[in-house]
Amino acid sequence: MSDIIKQYEKYVMPTYGRQPVVFVRGNGCFLYDEEGEAYLDFVAGLSINNLGHCHPAVVKAAQAQMAELINTCNLYYSKPGGELAELLSNLSLGGKVFFSNSGAEANECAIKLARKYGHDIGGADKHRIITLENGFHGRTMAALSATAQPEKQAPFKPLVPGFMYVPPNDINAMKAVVDSSVCAIILEVIQGEGGVYPLDEDYLVAVRKLADEHHALLIFDEVQTGLGRTGKLFAWQHSGVMPDVMTLAKSLGGALPIGATVATPEYSDVLSPGMHGSTFGGGPVPCAAGIAVINELTAADFLTSVQTKGDYLRSLLEKLKADGLVSEVRGMGLMLAVDLPEPVAAAIVAEALKNRIILNNTSENTIRFLPPLVVEEGMIKAVVEFLQTALSA
Ligand SMILES: Cc1ncc(COP(=O)(O)O)c(C=O)c1O
């Protein structure tokens with residue numbers, strides 16, 4: 001066993017079941033281990049590397065900013081923060097942005113914004129938040145309270161009060177719980193950690209209407225679906241159902257830590273000075289990287305190419321389904337998953353690693369594909385060929 005793995009086992013808290021490999025370098029769609037072996041990456045750090053590893057534009061922007069000014073905290077202004085906020089606003093909801101350091105933190109801000117809005121218009125009673133079963137919104141206490149997965153919540157009870165959960169894509173279940181005491185509905189347009197389950201367009205339209213009727217905020221967690229992953233800059237743009245607040249993180253900083261909570265103009269000033277904060281949030285280095293990321297994602301034809309490559313991967317996975325090797329194919333763009341007829345997903349992921357391919361499973365039955373968006377057709381073909389061989393065996 002590598003000394004580094006031994007060191008982790010001795011000194012790092014065991015919160016992750018890590019794959020037995022140490023990566024020392026990344027370039028595009030490939031990671032390299034201590035021996036210099038190349039691995040084709042179809043996980044992209046769980047979608048933090050949408051532009052691939054060490055994208056030159058991200059490296060250049062971050063290095064230049066590092067040499068100028070690393071961070072000052074949020075008592076002062078800095079150039080990259082304003083510029084990235086303007087870009088995000090103009091490309092999405094048109095209002096203001098709060099910067100933090102992670103997806104969970106972006107959701108914490110959205111939850112606090114919703115609670116404050118509830119207090120403003122309905123007093124303390126208007127505090128309930130509805131989220132969807134099988135959703136995932138992060139590991140901090142409020143984000144975990146929004147994460148309706150009983151096995152993740154159970155060891156940490158009591159949770160933050162006021163959260164209620166309903167099954168996804170069931171508008172009657174949602175109607176049964178939404179009343180004037182609800183300040184927000186939070187959902188992922190495609191449930192990522194839950195196994196890549198998209199919500200129906202009709203459902204999104206109906207939830208939007210319900211939220212409006214009860215003066216509840218509609219919050220979309222785009223931490224995994226956002227930033228080009230589904231073939232649009234944000235997944236809600238496929239349906240046109242616009243949220244009041246959207247949260248982002250993961251690949252926003254080109255794999256540097258940054259989270260963003262974006263609001264429409266109507267809800268941009270709900271939080272006032274002193275109500276929320278983050279010492280590091282929106283620091284110049286991740287924001288400079290973020291500007292480079294957005295410029296790449298919005299370059300001509302980039303998102304169309306994501307859609308084309310997603311369609312190609314999907315078509316090959318559908319062939320595995322026709323051959324009976326997988327039982328279902330789900331997702332959008334380059335956020336796809338297959339269900340396996342047998343609970344062997346972890347074994348397939350381990351076998352893939354031996355074959356220098358990095359895959360991820362969300363359960364014993366589901367393999368998820370989140371390749372860098374710069375993936376090439378030949379790489380897609382190679383991964384599906386591996387799957388075909390492994391699943392046939
Ligand atoms: C939809 C969604 N929301 C929130 C999070 C939490 O993000 P972070 O791990 O950066 O706190 C994740 C992480 O996987 C996610 O997929």
# chains A, B, ... in the order shown; residues from 1 in each chain; ligands from 1
>>> residues_near_ligand(ligand="ligand 1", cutoff="6 Å", atoms="only C-alpha atoms and all ligand atoms", output="number ranges by chain")
A: 102-104, 136-138, 192-193, 221, 223-224, 250
>>> write_last_selection(atoms="N, CA, C and O atoms", output="PDB file, in the first residue's frame")
ATOM      1  N   SER A 102     -18.662  26.447  -1.017  1.00  0.00           N
ATOM      2  CA  SER A 102     -19.074  25.063  -1.323  1.00  0.00           C
ATOM      3  C   SER A 102     -20.560  25.033  -1.648  1.00  0.00           C
ATOM      4  O   SER A 102     -21.286  26.016  -1.425  1.00  0.00           O
ATOM      5  N   GLY A 103     -21.013  23.863  -2.100  1.00  0.00           N
ATOM      6  CA  GLY A 103     -22.430  23.688  -2.400  1.00  0.00           C
ATOM      7  C   GLY A 103     -23.285  23.766  -1.145  1.00  0.00           C
ATOM      8  O   GLY A 103     -24.349  24.401  -1.140  1.00  0.00           O
ATOM      9  N   ALA A 104     -22.836  23.109  -0.082  1.00  0.00           N
ATOM     10  CA  ALA A 104     -23.604  23.147   1.163  1.00  0.00           C
ATOM     11  C   ALA A 104     -23.754  24.586   1.642  1.00  0.00           C
ATOM     12  O   ALA A 104     -24.841  25.014   2.052  1.00  0.00           O
ATOM     13  N   PHE A 136     -30.362  15.690  -2.577  1.00  0.00           N
ATOM     14  CA  PHE A 136     -29.096  15.891  -1.858  1.00  0.00           C
ATOM     15  C   PHE A 136     -28.725  17.368  -1.923  1.00  0.00           C
ATOM     16  O   PHE A 136     -28.650  17.947  -3.001  1.00  0.00           O
ATOM     17  N   HIS A 137     -28.493  17.962  -0.742  1.00  0.00           N
ATOM     18  CA  HIS A 137     -28.180  19.392  -0.715  1.00  0.00           C
ATOM     19  C   HIS A 137     -26.946  19.716   0.122  1.00  0.00           C
ATOM     20  O   HIS A 137     -26.630  20.893   0.305  1.00  0.00           O
ATOM     21  N   GLY A 138     -26.244  18.703   0.636  1.00  0.00           N
ATOM     22  CA  GLY A 138     -24.998  18.964   1.348  1.00  0.00           C
ATOM     23  C   GLY A 138     -25.007  18.386   2.748  1.00  0.00           C
ATOM     24  O   GLY A 138     -25.992  17.802   3.202  1.00  0.00           O
ATOM     25  N   GLY A 192     -28.917  14.355  -8.427  1.00  0.00           N
ATOM     26  CA  GLY A 192     -27.606  13.821  -8.806  1.00  0.00           C
ATOM     27  C   GLY A 192     -27.132  12.696  -7.906  1.00  0.00           C
ATOM     28  O   GLY A 192     -27.041  11.534  -8.321  1.00  0.00           O
ATOM     29  N   GLU A 193     -26.861  13.045  -6.635  1.00  0.00           N
ATOM     30  CA  GLU A 193     -26.355  12.024  -5.703  1.00  0.00           C
ATOM     31  C   GLU A 193     -27.378  10.907  -5.518  1.00  0.00           C
ATOM     32  O   GLU A 193     -27.027   9.765  -5.223  1.00  0.00           O
ATOM     33  N   ASP A 221     -31.386  23.891  -6.625  1.00  0.00           N
ATOM     34  CA  ASP A 221     -30.008  23.538  -6.304  1.00  0.00           C
ATOM     35  C   ASP A 221     -29.362  23.042  -7.594  1.00  0.00           C
ATOM     36  O   ASP A 221     -29.597  21.918  -8.026  1.00  0.00           O
ATOM     37  N   VAL A 223     -26.104  22.849  -8.010  1.00  0.00           N
ATOM     38  CA  VAL A 223     -24.703  22.593  -7.653  1.00  0.00           C
ATOM     39  C   VAL A 223     -24.089  21.531  -8.575  1.00  0.00           C
ATOM     40  O   VAL A 223     -22.950  21.665  -9.017  1.00  0.00           O
ATOM     41  N   GLN A 224     -24.872  20.494  -8.884  1.00  0.00           N
ATOM     42  CA  GLN A 224     -24.341  19.432  -9.752  1.00  0.00           C
ATOM     43  C   GLN A 224     -24.791  19.610 -11.210  1.00  0.00           C
ATOM     44  O   GLN A 224     -24.049  19.317 -12.141  1.00  0.00           O
ATOM     45  N   LYS A 250     -19.363  23.407  -7.120  1.00  0.00           N
ATOM     46  CA  LYS A 250     -18.638  22.423  -7.933  1.00  0.00           C
ATOM     47  C   LYS A 250     -17.709  23.062  -8.962  1.00  0.00           C
ATOM     48  O   LYS A 250     -16.688  23.591  -8.582  1.00  0.00           O
TER      49      LYS A 250
END
>>> closest_atom_pairs(of="segment 199-308 of chain A", to="segment 44-49 of chain A", cutoff="12 Å", atoms="only C-alpha atoms", output="CSV")
residue,atom,partner,partner_atom,distance
A:Glu222,CA,A:Ser47,CA,11.5
A:Val223,CA,A:Ser47,CA,9.1
A:Gln224,CA,A:Ser47,CA,6.6
A:Thr225,CA,A:Ser47,CA,8.7
A:Gly226,CA,A:Ser47,CA,9.5
A:Leu227,CA,A:Ser47,CA,9.5
A:Gly228,CA,A:Ser47,CA,10.2
A:Arg229,CA,A:Ser47,CA,7.8
A:Thr230,CA,A:Ser47,CA,11.1
A:Leu248,CA,A:Ile48,CA,10.9
A:Ala249,CA,A:Ile48,CA,8.1
A:Lys250,CA,A:Ile48,CA,4.3
A:Ser251,CA,A:Ile48,CA,3.8
A:Leu252,CA,A:Ile48,CA,7.5
A:Gly253,CA,A:Ile48,CA,8.0
A:Gly254,CA,A:Asn49,CA,5.8
A:Ala255,CA,A:Ile48,CA,4.9
A:Leu256,CA,A:Ile48,CA,8.2
A:Pro257,CA,A:Ile48,CA,9.1
A:Ile258,CA,A:Ile48,CA,10.3
A:Gly259,CA,A:Ile48,CA,11.4
A:Ala289,CA,A:Asn49,CA,11.9
A:Gly290,CA,A:Ile48,CA,11.6
A:Val293,CA,A:Asn49,CA,9.9
>>> residues_around(residues="segment 120-128 of chain A", least_positions_apart="2", cutoff="12 Å", atoms="only C-alpha atoms", output="PyMOL selection string")
chain A and resi 111-118+130-131+145-146+160-165+177-186+214-217+267+269-271
>>> closest_atom_pairs(of="segment 266-352 of chain A", to="segment 365-382 of chain A", cutoff="6 Å", atoms="only C-alpha atoms", output="CSV")
residue,atom,partner,partner_atom,distance
A:Met335,CA,A:Leu370,CA,5.3
A:Leu336,CA,A:Phe369,CA,5.2
A:Ala337,CA,A:Arg368,CA,4.2
A:Val338,CA,A:Ile367,CA,5.5
A:Asp339,CA,A:Thr366,CA,4.5
A:Leu340,CA,A:Asn365,CA,5.1
A:Pro343,CA,A:Asn365,CA,4.7
A:Ala345,CA,A:Asn365,CA,5.4
>>> select_by_dssp(residues="segment 191-329 of chain A", states="helix (DSSP H, G or I)", output="ChimeraX atom specification")
/A:201-213,235-238,250-252,265-267,284-297,302-322
>>> closest_residue(among="A:Val58, A:Val189, A:Glu385, A:Thr304", to="Gly240 of chain A", atoms="only C-alpha atoms")
A:Val189
>>> closest_atom_pairs(of="segment 241-351 of chain A", to="segment 97-100 of chain A", cutoff="9 Å", atoms="only C-alpha atoms", output="CSV")
residue,atom,partner,partner_atom,distance
A:Ala249,CA,A:Ser100,CA,8.6
A:Pro257,CA,A:Ser100,CA,8.4
A:Ile258,CA,A:Ser100,CA,5.7
A:Gly259,CA,A:Ser100,CA,4.6
A:Ala260,CA,A:Phe99,CA,4.5
A:Thr261,CA,A:Phe98,CA,5.1
A:Val262,CA,A:Val97,CA,4.4
A:Ala263,CA,A:Val97,CA,6.4
A:Ser268,CA,A:Val97,CA,7.6
A:Gly277,CA,A:Ser100,CA,8.0
A:Ser278,CA,A:Ser100,CA,6.1
A:Thr279,CA,A:Ser100,CA,8.5
A:Phe280,CA,A:Ser100,CA,7.1
A:Gly281,CA,A:Ser100,CA,3.9
A:Gly282,CA,A:Phe99,CA,4.7
A:Gly283,CA,A:Phe99,CA,8.4
>>> write_last_selection(atoms="N, CA and C atoms", output="PDB file, in the first residue's frame")
ATOM      1  N   ALA A 249     -21.979  25.633  -7.274  1.00  0.00           N
ATOM      2  CA  ALA A 249     -20.663  25.404  -6.645  1.00  0.00           C
ATOM      3  C   ALA A 249     -19.880  24.525  -7.621  1.00  0.00           C
ATOM      4  N   PRO A 257     -12.377  25.956  -4.639  1.00  0.00           N
ATOM      5  CA  PRO A 257     -13.630  25.995  -3.871  1.00  0.00           C
ATOM      6  C   PRO A 257     -14.341  27.342  -3.958  1.00  0.00           C
ATOM      7  N   ILE A 258     -15.571  27.290  -4.459  1.00  0.00           N
ATOM      8  CA  ILE A 258     -16.424  28.484  -4.463  1.00  0.00           C
ATOM      9  C   ILE A 258     -17.883  28.026  -4.571  1.00  0.00           C
ATOM     10  N   GLY A 259     -18.762  28.690  -3.864  1.00  0.00           N
ATOM     11  CA  GLY A 259     -20.198  28.472  -3.993  1.00  0.00           C
ATOM     12  C   GLY A 259     -20.849  29.801  -4.313  1.00  0.00           C
ATOM     13  N   ALA A 260     -22.014  29.756  -4.945  1.00  0.00           N
ATOM     14  CA  ALA A 260     -22.714  31.004  -5.257  1.00  0.00           C
ATOM     15  C   ALA A 260     -24.215  30.794  -5.076  1.00  0.00           C
ATOM     16  N   THR A 261     -24.858  31.772  -4.461  1.00  0.00           N
ATOM     17  CA  THR A 261     -26.312  31.781  -4.314  1.00  0.00           C
ATOM     18  C   THR A 261     -26.794  32.981  -5.119  1.00  0.00           C
ATOM     19  N   VAL A 262     -27.572  32.701  -6.162  1.00  0.00           N
ATOM     20  CA  VAL A 262     -27.970  33.761  -7.101  1.00  0.00           C
ATOM     21  C   VAL A 262     -29.475  33.989  -6.949  1.00  0.00           C
ATOM     22  N   ALA A 263     -29.903  35.247  -6.852  1.00  0.00           N
ATOM     23  CA  ALA A 263     -31.333  35.559  -6.681  1.00  0.00           C
ATOM     24  C   ALA A 263     -31.843  36.398  -7.849  1.00  0.00           C
ATOM     25  N   SER A 268     -33.104  39.983  -4.095  1.00  0.00           N
ATOM     26  CA  SER A 268     -31.659  40.250  -3.994  1.00  0.00           C
ATOM     27  C   SER A 268     -31.260  40.982  -2.725  1.00  0.00           C
ATOM     28  N   GLY A 277     -22.574  35.755   6.095  1.00  0.00           N
ATOM     29  CA  GLY A 277     -21.216  36.089   5.696  1.00  0.00           C
ATOM     30  C   GLY A 277     -20.355  34.862   5.519  1.00  0.00           C
ATOM     31  N   SER A 278     -19.136  35.099   5.040  1.00  0.00           N
ATOM     32  CA  SER A 278     -18.154  34.040   4.858  1.00  0.00           C
ATOM     33  C   SER A 278     -16.803  34.731   4.701  1.00  0.00           C
ATOM     34  N   THR A 279     -15.859  34.393   5.570  1.00  0.00           N
ATOM     35  CA  THR A 279     -14.563  35.090   5.513  1.00  0.00           C
ATOM     36  C   THR A 279     -13.888  34.894   4.161  1.00  0.00           C
ATOM     37  N   PHE A 280     -13.876  33.638   3.701  1.00  0.00           N
ATOM     38  CA  PHE A 280     -13.181  33.359   2.433  1.00  0.00           C
ATOM     39  C   PHE A 280     -14.045  33.613   1.195  1.00  0.00           C
ATOM     40  N   GLY A 281     -15.378  33.539   1.361  1.00  0.00           N
ATOM     41  CA  GLY A 281     -16.296  33.477   0.208  1.00  0.00           C
ATOM     42  C   GLY A 281     -16.065  34.568  -0.826  1.00  0.00           C
ATOM     43  N   GLY A 282     -16.023  34.163  -2.087  1.00  0.00           N
ATOM     44  CA  GLY A 282     -15.857  35.133  -3.173  1.00  0.00           C
ATOM     45  C   GLY A 282     -14.467  35.741  -3.221  1.00  0.00           C
ATOM     46  N   GLY A 283     -13.476  34.991  -2.736  1.00  0.00           N
ATOM     47  CA  GLY A 283     -12.101  35.483  -2.775  1.00  0.00           C
ATOM     48  C   GLY A 283     -11.637  35.689  -4.213  1.00  0.00           C
TER      49      GLY A 283
END
>>> select_by_dssp(residues="segment 24-253 of chain A", states="strand (DSSP E or B)", output="VMD selection string")
chain A and resid 24 to 28 30 to 33 38 to 41 53 97 to 100 128 to 133 148 163 to 166 182 to 187 190 to 191 197 to 198 217 to 221 245 to 248 253
>>> write_last_selection(atoms="N, CA and C atoms", output="compact mmCIF listing (two decimals), in the first residue's frame")
# COMPACT_ATOMS: atom_id res chain seq x y z
N VAL A 24 -1.45 12.27 -8.75
CA VAL A 24 -0.46 13.33 -8.55
C VAL A 24 -0.52 14.41 -9.63
N ARG A 25 -1.26 14.14 -10.71
CA ARG A 25 -1.29 15.11 -11.81
C ARG A 25 -2.58 14.92 -12.60
N GLY A 26 -3.07 16.02 -13.18
CA GLY A 26 -4.25 15.93 -14.03
C GLY A 26 -4.08 16.78 -15.26
N ASN A 27 -4.63 16.32 -16.38
CA ASN A 27 -4.55 17.08 -17.62
C ASN A 27 -5.74 16.71 -18.50
N GLY A 28 -6.62 17.65 -18.76
CA GLY A 28 -7.79 17.37 -19.59
C GLY A 28 -8.66 16.28 -19.00
N PHE A 30 -7.66 13.26 -18.29
CA PHE A 30 -6.83 12.22 -17.68
C PHE A 30 -6.25 12.63 -16.33
N LEU A 31 -6.17 11.64 -15.44
CA LEU A 31 -5.46 11.78 -14.17
C LEU A 31 -4.27 10.81 -14.21
N TYR A 32 -3.21 11.13 -13.47
CA TYR A 32 -2.00 10.30 -13.47
C TYR A 32 -1.65 9.91 -12.05
N ASP A 33 -1.32 8.61 -11.85
CA ASP A 33 -0.98 8.15 -10.50
C ASP A 33 0.51 8.29 -10.23
N ALA A 38 -1.80 6.66 -16.72
CA ALA A 38 -2.91 7.57 -17.05
C ALA A 38 -4.26 6.88 -16.84
N TYR A 39 -5.21 7.60 -16.27
CA TYR A 39 -6.57 7.10 -16.05
C TYR A 39 -7.54 8.03 -16.76
N LEU A 40 -8.47 7.44 -17.53
CA LEU A 40 -9.50 8.22 -18.21
C LEU A 40 -10.60 8.53 -17.19
N ASP A 41 -10.84 9.82 -16.98
CA ASP A 41 -11.69 10.26 -15.86
C ASP A 41 -13.13 10.51 -16.32
N HIS A 53 -9.17 18.62 -16.25
CA HIS A 53 -8.17 18.93 -15.21
C HIS A 53 -7.18 19.99 -15.70
N VAL A 97 -25.75 38.19 -6.17
CA VAL A 97 -25.09 36.91 -5.86
C VAL A 97 -24.46 36.99 -4.46
N PHE A 98 -24.53 35.90 -3.70
CA PHE A 98 -23.72 35.76 -2.48
C PHE A 98 -22.70 34.66 -2.74
N PHE A 99 -21.43 34.95 -2.47
CA PHE A 99 -20.39 33.95 -2.69
C PHE A 99 -20.00 33.25 -1.40
N SER A 100 -19.82 31.94 -1.49
CA SER A 100 -19.33 31.15 -0.36
C SER A 100 -18.26 30.19 -0.88
N ARG A 128 -41.68 27.12 7.02
CA ARG A 128 -41.50 25.74 6.58
C ARG A 128 -40.86 25.67 5.19
N ILE A 129 -40.03 24.65 5.02
CA ILE A 129 -39.32 24.45 3.75
C ILE A 129 -39.59 23.03 3.27
N ILE A 130 -40.01 22.92 2.01
CA ILE A 130 -40.32 21.60 1.46
C ILE A 130 -39.19 21.18 0.52
N THR A 131 -38.70 19.95 0.69
CA THR A 131 -37.70 19.42 -0.24
C THR A 131 -38.16 18.03 -0.69
N LEU A 132 -37.42 17.45 -1.63
CA LEU A 132 -37.85 16.19 -2.24
C LEU A 132 -37.10 14.98 -1.68
N GLU A 133 -37.83 13.90 -1.46
CA GLU A 133 -37.21 12.65 -1.04
C GLU A 133 -36.15 12.25 -2.06
N ALA A 148 -33.36 14.83 2.07
CA ALA A 148 -34.32 13.83 2.55
C ALA A 148 -33.85 12.42 2.24
N PHE A 163 -38.39 21.41 8.22
CA PHE A 163 -38.28 20.81 6.88
C PHE A 163 -39.31 19.70 6.72
N MET A 164 -39.93 19.63 5.54
CA MET A 164 -40.85 18.54 5.22
C MET A 164 -40.47 17.97 3.87
N TYR A 165 -40.69 16.68 3.69
CA TYR A 165 -40.23 16.01 2.47
C TYR A 165 -41.39 15.36 1.74
N VAL A 166 -41.36 15.46 0.41
CA VAL A 166 -42.40 14.80 -0.40
C VAL A 166 -41.73 14.04 -1.54
N VAL A 182 -45.38 27.96 4.30
CA VAL A 182 -44.18 27.53 3.57
C VAL A 182 -43.44 28.77 3.02
N CYS A 183 -42.14 28.85 3.33
CA CYS A 183 -41.37 29.98 2.79
C CYS A 183 -40.55 29.57 1.57
N ALA A 184 -40.34 28.26 1.37
CA ALA A 184 -39.55 27.85 0.20
C ALA A 184 -39.74 26.39 -0.15
N ILE A 185 -39.58 26.13 -1.44
CA ILE A 185 -39.47 24.75 -1.95
C ILE A 185 -38.08 24.67 -2.57
N ILE A 186 -37.31 23.63 -2.18
CA ILE A 186 -35.95 23.49 -2.71
C ILE A 186 -35.85 22.16 -3.45
N LEU A 187 -35.33 22.19 -4.64
CA LEU A 187 -35.19 20.92 -5.38
C LEU A 187 -34.02 20.97 -6.37
N ILE A 190 -32.35 17.77 -11.67
CA ILE A 190 -32.03 16.34 -11.81
C ILE A 190 -31.37 15.93 -10.50
N GLN A 191 -31.94 14.96 -9.80
CA GLN A 191 -31.34 14.52 -8.54
C GLN A 191 -30.03 13.79 -8.86
N TYR A 197 -31.91 11.27 -11.32
CA TYR A 197 -33.35 11.19 -11.60
C TYR A 197 -33.86 12.57 -12.00
N PRO A 198 -34.17 12.79 -13.30
CA PRO A 198 -34.68 14.11 -13.71
C PRO A 198 -36.12 14.31 -13.24
N LEU A 217 -40.71 30.85 -1.95
CA LEU A 217 -39.60 30.94 -2.92
C LEU A 217 -39.38 29.58 -3.56
N LEU A 218 -39.11 29.57 -4.85
CA LEU A 218 -38.70 28.34 -5.52
C LEU A 218 -37.18 28.39 -5.69
N ILE A 219 -36.51 27.45 -5.04
CA ILE A 219 -35.04 27.43 -5.04
C ILE A 219 -34.56 26.19 -5.78
N PHE A 220 -33.74 26.39 -6.79
CA PHE A 220 -33.17 25.25 -7.52
C PHE A 220 -31.71 25.08 -7.10
N ASP A 221 -31.39 23.89 -6.63
CA ASP A 221 -30.01 23.54 -6.30
C ASP A 221 -29.36 23.04 -7.59
N VAL A 245 -34.35 31.65 -6.68
CA VAL A 245 -32.98 31.58 -6.17
C VAL A 245 -32.36 30.30 -6.73
N MET A 246 -31.06 30.39 -7.08
CA MET A 246 -30.37 29.21 -7.63
C MET A 246 -29.03 29.09 -6.91
N THR A 247 -28.64 27.86 -6.60
CA THR A 247 -27.33 27.69 -5.95
C THR A 247 -26.36 26.96 -6.88
N LEU A 248 -25.11 27.37 -6.82
CA LEU A 248 -24.05 26.82 -7.67
C LEU A 248 -22.82 26.53 -6.82
N GLY A 253 -15.47 27.26 -9.88
CA GLY A 253 -14.11 27.79 -9.76
C GLY A 253 -13.09 26.94 -10.50
>>> residues_around(residues="Leu84 of chain A", least_positions_apart="2", cutoff="7 Å", atoms="only C-alpha atoms", output="list in words")
Pro80, Gly81, Gly82, Glu86, Leu87, Leu88, Cys287, Gly290 and Ile291 of chain A
>>> residues_around(residues="segment 310-323 of chain A", least_positions_apart="4", cutoff="6 Å", atoms="only C-alpha atoms", output="PyMOL selection string")
chain A and resi 306+327+333-334
>>> atom_distance(atom1="atom CA of Asn107 of chain A", atom2="atom CA of Phe234 of chain A")
16.2 Å
>>> closest_residue(among="A:Asp301, A:Glu342, A:Glu351, A:Glu296", to="Ser363 of chain A", atoms="only C-alpha atoms")
A:Glu342
>>> closest_residue(among="A:Glu364, A:Glu188, A:Glu68, A:Asp200", to="Ile171 of chain A", atoms="only C-alpha atoms")
A:Asp200
>>> residues_around(residues="Leu303 of chain A", least_positions_apart="5", cutoff="7 Å", atoms="only C-alpha atoms", output="list in words")
Gly228, Gly231, Lys232 and Leu297 of chain A
>>> closest_residue(among="A:Asn361, A:Pro243, A:Gln237, A:His55", to="Lys209 of chain A", atoms="only C-alpha atoms")
A:Pro243
